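The structure file protein21.txt is reproduced below (compact mmCIF, C-alpha atoms).
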# COMPACT_ATOMS: atom_id res chain seq x y z
CA MET A 13 107.99 51.01 110.68
CA SER A 14 106.46 47.86 109.25
CA ILE A 15 103.23 45.98 108.70
CA ARG A 16 102.43 42.30 109.14
CA ILE A 17 100.96 40.62 106.06
CA LEU A 18 99.12 37.30 106.33
CA TYR A 19 98.19 34.98 103.45
CA PHE A 20 95.46 32.37 103.53
CA ALA A 21 94.29 29.41 101.43
CA ARG A 22 95.29 29.64 97.73
CA LEU A 23 97.19 32.90 98.37
CA ARG A 24 99.31 31.22 101.06
CA GLU A 25 100.18 28.38 98.70
CA GLU A 26 100.98 30.75 95.82
CA MET A 27 103.17 32.94 98.02
CA GLY A 28 104.83 29.95 99.67
CA ILE A 29 104.58 31.68 103.07
CA ALA A 30 101.83 32.21 105.66
CA GLN A 31 103.04 35.65 106.74
CA GLU A 32 105.77 38.25 106.42
CA MET A 33 106.81 41.58 107.89
CA LEU A 34 107.11 44.36 105.34
CA GLU A 35 108.95 47.63 105.90
CA LEU A 36 106.26 50.10 104.82
CA PRO A 37 107.41 51.74 101.56
CA PRO A 38 106.74 55.51 101.42
CA GLU A 39 104.40 55.15 98.43
CA VAL A 40 102.07 52.72 100.24
CA SER A 41 99.13 54.43 101.96
CA ASP A 42 96.19 52.13 101.25
CA VAL A 43 95.29 48.63 100.05
CA LYS A 44 95.50 49.60 96.40
CA SER A 45 99.07 50.92 96.66
CA LEU A 46 100.09 47.96 98.82
CA ARG A 47 98.81 45.53 96.18
CA ALA A 48 100.68 47.43 93.49
CA HIS A 49 103.87 47.25 95.57
CA LEU A 50 103.49 43.48 96.12
CA ALA A 51 102.74 42.85 92.44
CA ALA A 52 105.85 44.84 91.46
CA ARG A 53 108.13 42.62 93.57
CA GLY A 54 108.06 39.94 90.84
CA GLY A 55 108.18 36.16 91.26
CA SER A 56 105.40 34.43 93.18
CA SER A 57 104.25 37.76 94.58
CA ALA A 58 103.64 39.15 91.07
CA LYS A 59 101.72 36.01 90.12
CA ALA A 60 99.57 36.01 93.26
CA PHE A 61 98.68 39.68 92.85
CA ALA A 62 98.12 39.68 89.08
CA ALA A 63 95.34 42.14 88.28
CA ALA A 64 92.81 39.55 87.10
CA LYS A 65 92.96 37.49 90.31
CA ALA A 66 90.09 37.66 92.79
CA VAL A 67 91.88 38.66 95.99
CA ARG A 68 90.06 39.82 99.12
CA VAL A 69 91.69 41.84 101.87
CA SER A 70 91.28 42.63 105.53
CA VAL A 71 92.98 45.34 107.56
CA ASN A 72 93.23 44.72 111.30
CA GLN A 73 90.78 41.83 110.90
CA ASP A 74 88.00 43.84 109.24
CA LEU A 75 87.18 43.32 105.55
CA GLY A 76 88.80 46.08 103.52
CA ARG A 77 88.65 47.59 100.04
CA ASN A 78 91.11 49.21 97.67
CA ASP A 79 90.74 52.57 99.42
CA THR A 80 91.13 51.23 102.98
CA PRO A 81 94.12 53.03 104.59
CA VAL A 82 97.21 51.02 105.54
CA LYS A 83 99.64 52.39 108.12
CA ALA A 84 102.59 51.18 110.17
CA GLY A 85 101.68 48.53 112.73
CA ASP A 86 98.63 47.27 110.79
CA GLU A 87 97.85 43.59 110.23
CA VAL A 88 96.85 43.11 106.60
CA ALA A 89 95.61 39.79 105.23
CA PHE A 90 95.08 38.68 101.63
CA PHE A 91 92.92 35.70 100.69
CA PRO A 92 90.59 34.35 98.01
CA PRO A 93 86.80 34.85 98.22
CA VAL A 94 85.58 32.94 101.28
CA THR A 95 83.93 29.50 101.01
CA GLY A 96 82.79 28.51 104.51
CA GLY A 97 79.43 27.28 105.67
CA MET B 24 74.97 35.32 121.74
CA ALA B 25 77.90 33.00 121.18
CA VAL B 26 80.20 31.97 118.34
CA ARG B 27 82.58 29.04 118.44
CA VAL B 28 85.18 27.87 115.91
CA GLN B 29 86.35 24.36 116.72
CA GLU B 30 87.65 21.08 115.33
CA ALA B 31 85.29 19.00 117.45
CA ASP B 32 81.85 17.90 116.32
CA PHE B 33 78.70 19.37 117.90
CA ASP B 34 75.39 18.01 119.19
CA ILE B 35 72.41 20.10 118.09
CA GLY B 36 70.20 18.64 120.82
CA ALA B 37 72.60 19.60 123.59
CA GLU B 38 73.18 23.05 122.08
CA ILE B 39 69.46 23.84 121.80
CA ALA B 40 68.80 22.55 125.30
CA ALA B 41 71.52 24.87 126.65
CA LEU B 42 70.24 27.83 124.61
CA ARG B 43 66.64 27.60 125.82
CA ARG B 44 67.21 26.36 129.36
CA GLY B 45 65.06 28.18 131.89
CA ASN B 46 63.83 30.86 129.49
CA PRO B 47 60.02 30.81 129.14
CA ALA B 48 60.10 33.91 126.88
CA ILE B 49 61.31 31.73 124.00
CA GLY B 50 58.46 30.64 121.76
CA ALA B 51 60.43 29.60 118.68
CA ILE B 52 63.79 28.16 117.77
CA ALA B 53 65.07 27.98 114.20
CA SER B 54 68.23 26.08 113.30
CA PHE B 55 70.42 25.22 110.33
CA ILE B 56 73.09 22.55 109.91
CA GLY B 57 75.52 22.49 106.98
CA LEU B 58 77.02 19.11 106.07
CA VAL B 59 79.91 17.81 103.97
CA ARG B 60 78.52 16.43 100.66
CA ASP B 61 80.16 13.57 98.78
CA SER B 62 80.20 15.50 95.49
CA ASN B 63 80.81 19.02 94.19
CA ASP B 64 80.76 20.44 90.66
CA GLY B 65 80.29 16.94 89.22
CA ASP B 66 83.21 15.30 91.01
CA ALA B 67 83.21 12.84 93.90
CA VAL B 68 84.59 14.43 97.09
CA SER B 69 86.33 12.14 99.60
CA GLY B 70 87.10 14.79 102.19
CA MET B 71 87.93 18.44 102.81
CA THR B 72 90.18 20.67 104.85
CA LEU B 73 88.65 23.81 106.35
CA GLU B 74 91.05 26.68 106.94
CA HIS B 75 90.23 29.90 108.81
CA TYR B 76 91.79 33.13 110.02
CA PRO B 77 92.02 32.81 113.81
CA GLY B 78 90.84 36.01 115.43
CA MET B 79 89.21 37.55 112.39
CA THR B 80 86.85 34.61 111.92
CA GLU B 81 85.48 34.96 115.44
CA LYS B 82 85.28 38.75 115.04
CA ALA B 83 83.38 38.43 111.75
CA LEU B 84 80.92 35.88 113.16
CA THR B 85 80.33 38.00 116.27
CA GLY B 86 79.62 41.00 114.03
CA ILE B 87 77.15 39.03 111.89
CA VAL B 88 75.26 37.78 114.95
CA ALA B 89 75.18 41.30 116.43
CA GLU B 90 73.77 42.63 113.14
CA ALA B 91 71.04 39.95 113.16
CA LYS B 92 70.14 40.90 116.74
CA LYS B 93 69.87 44.53 115.66
CA ARG B 94 67.64 43.77 112.66
CA TRP B 95 65.28 41.24 114.24
CA ASP B 96 63.56 40.84 117.55
CA ILE B 97 65.38 37.68 118.58
CA ILE B 98 66.36 36.45 122.04
CA ASP B 99 69.59 34.54 121.47
CA ALA B 100 71.76 33.10 118.71
CA LEU B 101 74.56 30.55 118.48
CA VAL B 102 77.01 29.85 115.65
CA ILE B 103 79.39 26.88 115.68
CA HIS B 104 81.71 26.34 112.71
CA ARG B 105 84.15 23.46 112.46
CA VAL B 106 87.66 23.64 110.98
CA GLY B 107 90.30 21.05 110.10
CA GLU B 108 89.82 17.72 108.35
CA LEU B 109 86.23 16.73 107.54
CA LYS B 110 84.64 13.89 105.57
CA PRO B 111 81.31 13.41 103.78
CA LEU B 112 78.44 13.04 106.33
CA ASP B 113 80.30 15.28 108.82
CA GLN B 114 78.61 18.37 110.22
CA ILE B 115 80.30 21.66 109.30
CA VAL B 116 78.22 24.50 110.69
CA LEU B 117 75.38 25.06 113.13
CA VAL B 118 73.22 28.17 113.51
CA VAL B 119 70.53 28.31 116.18
CA VAL B 120 68.31 31.35 116.77
CA SER B 121 65.69 31.73 119.49
CA GLY B 122 62.89 34.27 119.62
CA ALA B 123 59.37 34.87 120.85
CA HIS B 124 57.94 34.05 117.41
CA ARG B 125 59.05 31.99 114.41
CA GLY B 126 59.25 34.75 111.77
CA ALA B 127 62.19 36.60 113.27
CA ALA B 128 63.92 33.32 114.20
CA PHE B 129 63.66 31.92 110.65
CA ASP B 130 64.79 35.16 109.01
CA ALA B 131 67.69 35.80 111.38
CA CYS B 132 68.91 32.21 110.95
CA GLU B 133 68.95 32.56 107.17
CA PHE B 134 70.54 36.01 107.36
CA ILE B 135 73.37 34.70 109.56
CA MET B 136 74.08 31.83 107.13
CA ASP B 137 74.02 34.10 104.06
CA TYR B 138 76.49 36.52 105.65
CA LEU B 139 78.67 33.73 107.02
CA LYS B 140 78.94 32.26 103.51
CA THR B 141 80.16 35.52 101.97
CA GLN B 142 81.99 37.37 104.77
CA ALA B 143 83.42 35.02 107.39
CA PRO B 144 87.02 33.99 106.55
CA PHE B 145 86.80 30.22 105.98
CA TRP B 146 88.20 28.36 102.98
CA LYS B 147 87.47 24.80 101.86
CA LYS B 148 89.97 22.62 100.07
CA GLU B 149 88.36 19.42 98.84
CA GLN B 150 89.93 16.10 97.95
CA THR B 151 88.80 14.51 94.69
CA ALA B 152 90.09 11.65 92.53
CA GLN B 153 91.92 14.33 90.49
CA GLY B 154 93.70 15.66 93.59
CA ALA B 155 93.04 18.44 96.09
CA ARG B 156 91.49 21.74 94.93
CA TRP B 157 90.29 24.96 96.53
CA VAL B 158 86.53 25.39 96.39
CA GLU B 159 85.52 28.40 94.28
CA ALA B 160 83.15 31.00 95.72
CA ARG B 161 79.68 30.89 94.17
CA ALA B 162 77.90 33.83 92.58
CA SER B 163 74.64 32.46 94.01
CA ASP B 164 76.00 33.10 97.53
CA ASP B 165 76.64 36.75 96.66
CA GLN B 166 73.10 37.00 95.30
CA ALA B 167 71.71 35.40 98.47
CA VAL B 168 73.34 38.03 100.68
CA GLU B 169 72.19 40.88 98.40
CA ARG B 170 68.54 40.36 99.26
CA TRP B 171 69.13 41.50 102.84
CA SER B 172 70.45 44.89 101.78
CA GLY B 173 66.98 46.28 100.90
CA PRO B 174 64.51 47.80 103.38
CA GLN B 175 64.73 45.98 106.69
CA ALA B 176 62.00 43.63 107.82
CA LYS B 177 61.25 43.06 111.47

Please go through the file and, once you have read it, give me the structure as structure tokens.
Amino acid sequence: MSIRILYFARLREEMGIAQEMLELPPEVSDVKSLRAHLAARGGSSAKAFAAAKAVRVSVNQDLGRNDTPVKAGDEVAFFPPVTGG
Amino acid sequence: MAVRVQEADFDIGAEIAALRRGNPAIGAIASFIGLVRDSNDGDAVSGMTLEHYPGMTEKALTGIVAEAKKRWDIIDALVIHRVGELKPLDQIVLVVVSGAHRGAAFDACEFIMDYLKTQAPFWKKEQTAQGARWVEARASDDQAVERWSGPQAK
């Protein structure tokens, strides 16, 4: 079972992709553990998810937090703080 | 209640006329237009690209408008936000709120803009003489949205 991950704005450029499917690793249950998993992959993913970076998240198109649950079939998006208006 | 995300420009006169047409209960209309400036953080800006998250952006805007309707006694509200390539002088965003009286219309209009600025997934990339750069979020926008979290006013 997998999740769809979308990247926007600076995150999309840093990752070099707009989206990917990720086979849900057993240790990932929420946003915090998903971020840790992505940071541990190394390369551009490690850079984009470095701890000091301001990264916002949504799960199924609602703003999420570190403790928001992530489960198979979810659509998760990562992006910088928003700047519309 | 309507939200639209579009590349095309908008006409505030036509939008207000459509919003108030045939409704004699409306006694006040408040509106806001955001525009592309020709400078930001001390640098000249020649243009910008507005990116959004199709689906979530509309969902977020709809939620913000619904929250405004819950907090204030307003009759209708409209949000239009443009995306794509924009230049200085271009219109970016329109908020129109109608109500029986001006107080609720003014407050709800400002509330919708403050939440849009901090919660709706849009990102600006501006072109300057030094190249293109992503616009940084402002702490003042976070402070602006904070003031609505206290006791609710009607």

**OP:** Do a neighbour search on B:Ile39 at 10 Å with all atoms listed in the file, toss out local chain neighbours closer than 5 positions, and write the hits as a ChimeraX atom specification.
**Re:** /B:34,44,52-54,101,119-121

**OP:** May I ask you to extract the residues of chain B within 8 Å of chain A, using all atoms listed in the file, and to give them as a ChimeraX atom specification?
**Re:** /B:57,73-76,78-79,82-83,104,115-116,136,139-147,157-160

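Atom pair atom CA of B:Asp96 / atom CA of B:Arg125: separated by 10.4 Å.
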
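Pairwise distance (atom CA of B:Met71, atom CA of B:Ala155) equals 8.4 Å.
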
Subject >> Distance query stretch 25-31 of chain A at most 10 Å, all atoms listed in the file, self and fewer than 5 positions along chain excluded, as a PyMOL selection string >> reply: chain A and resi 16-20+55-61+88-90

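Here atom CA of B:Ala127 and atom CA of B:Trp95 stand 5.7 Å from one another.
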
Original post:
So which one's closest to A:Ala84, A:Ala62, A:Leu50, A:Met33, A:Leu23? Using all atoms listed in the file, please.
Top reply: A:Met33

Write only C-alpha atoms for stretch 125-177 of chain B from the block just shown, as an mmCIF file, in the first residue's frame.
data_model
loop_
_atom_site.group_PDB
_atom_site.id
_atom_site.type_symbol
_atom_site.label_atom_id
_atom_site.label_comp_id
_atom_site.auth_asym_id
_atom_site.auth_seq_id
_atom_site.Cartn_x
_atom_site.Cartn_y
_atom_site.Cartn_z
ATOM 1 C CA ARG B 125 -21.048 47.733 7.030
ATOM 2 C CA GLY B 126 -19.436 46.459 10.252
ATOM 3 C CA ALA B 127 -19.809 42.769 9.516
ATOM 4 C CA ALA B 128 -18.938 43.296 5.830
ATOM 5 C CA PHE B 129 -15.690 45.157 6.640
ATOM 6 C CA ASP B 130 -14.620 42.664 9.306
ATOM 7 C CA ALA B 131 -15.436 39.553 7.276
ATOM 8 C CA CYS B 132 -13.574 40.965 4.257
ATOM 9 C CA GLU B 133 -10.450 41.560 6.332
ATOM 10 C CA PHE B 134 -10.771 38.182 8.046
ATOM 11 C CA ILE B 135 -10.964 36.379 4.685
ATOM 12 C CA MET B 136 -7.832 38.175 3.415
ATOM 13 C CA ASP B 137 -5.852 37.494 6.602
ATOM 14 C CA TYR B 138 -6.677 33.782 6.466
ATOM 15 C CA LEU B 139 -6.091 33.579 2.724
ATOM 16 C CA LYS B 140 -2.613 35.071 3.211
ATOM 17 C CA THR B 141 -1.592 32.471 5.792
ATOM 18 C CA GLN B 142 -3.590 29.321 4.948
ATOM 19 C CA ALA B 143 -4.519 29.120 1.274
ATOM 20 C CA PRO B 144 -1.863 27.253 -0.764
ATOM 21 C CA PHE B 145 -0.515 29.884 -3.168
ATOM 22 C CA TRP B 146 3.160 30.663 -3.748
ATOM 23 C CA LYS B 147 4.692 33.670 -5.489
ATOM 24 C CA LYS B 148 7.941 33.546 -7.403
ATOM 25 C CA GLU B 149 9.057 37.025 -8.413
ATOM 26 C CA GLN B 150 11.408 38.103 -11.174
ATOM 27 C CA THR B 151 14.046 40.673 -10.233
ATOM 28 C CA ALA B 152 17.219 41.965 -11.901
ATOM 29 C CA GLN B 153 19.104 39.377 -9.791
ATOM 30 C CA GLY B 154 16.964 36.529 -11.149
ATOM 31 C CA ALA B 155 13.828 34.729 -9.996
ATOM 32 C CA ARG B 156 13.230 34.107 -6.271
ATOM 33 C CA TRP B 157 10.474 32.643 -4.110
ATOM 34 C CA VAL B 158 8.726 35.235 -1.961
ATOM 35 C CA GLU B 159 9.260 34.593 1.758
ATOM 36 C CA ALA B 160 6.260 34.433 4.088
ATOM 37 C CA ARG B 161 5.984 37.454 6.386
ATOM 38 C CA ALA B 162 5.737 37.312 10.158
ATOM 39 C CA SER B 163 3.353 40.293 9.976
ATOM 40 C CA ASP B 164 0.849 38.092 8.107
ATOM 41 C CA ASP B 165 0.936 35.532 10.923
ATOM 42 C CA GLN B 166 0.369 38.334 13.424
ATOM 43 C CA ALA B 167 -2.540 39.667 11.360
ATOM 44 C CA VAL B 168 -4.335 36.318 11.473
ATOM 45 C CA GLU B 169 -3.686 35.918 15.222
ATOM 46 C CA ARG B 170 -5.979 38.792 16.122
ATOM 47 C CA TRP B 171 -9.023 36.838 14.948
ATOM 48 C CA SER B 172 -8.398 33.976 17.359
ATOM 49 C CA GLY B 173 -9.637 35.912 20.429
ATOM 50 C CA PRO B 174 -13.273 36.267 21.509
ATOM 51 C CA GLN B 175 -15.496 36.493 18.456
ATOM 52 C CA ALA B 176 -17.116 39.758 17.444
ATOM 53 C CA LYS B 177 -20.404 39.858 15.599
#
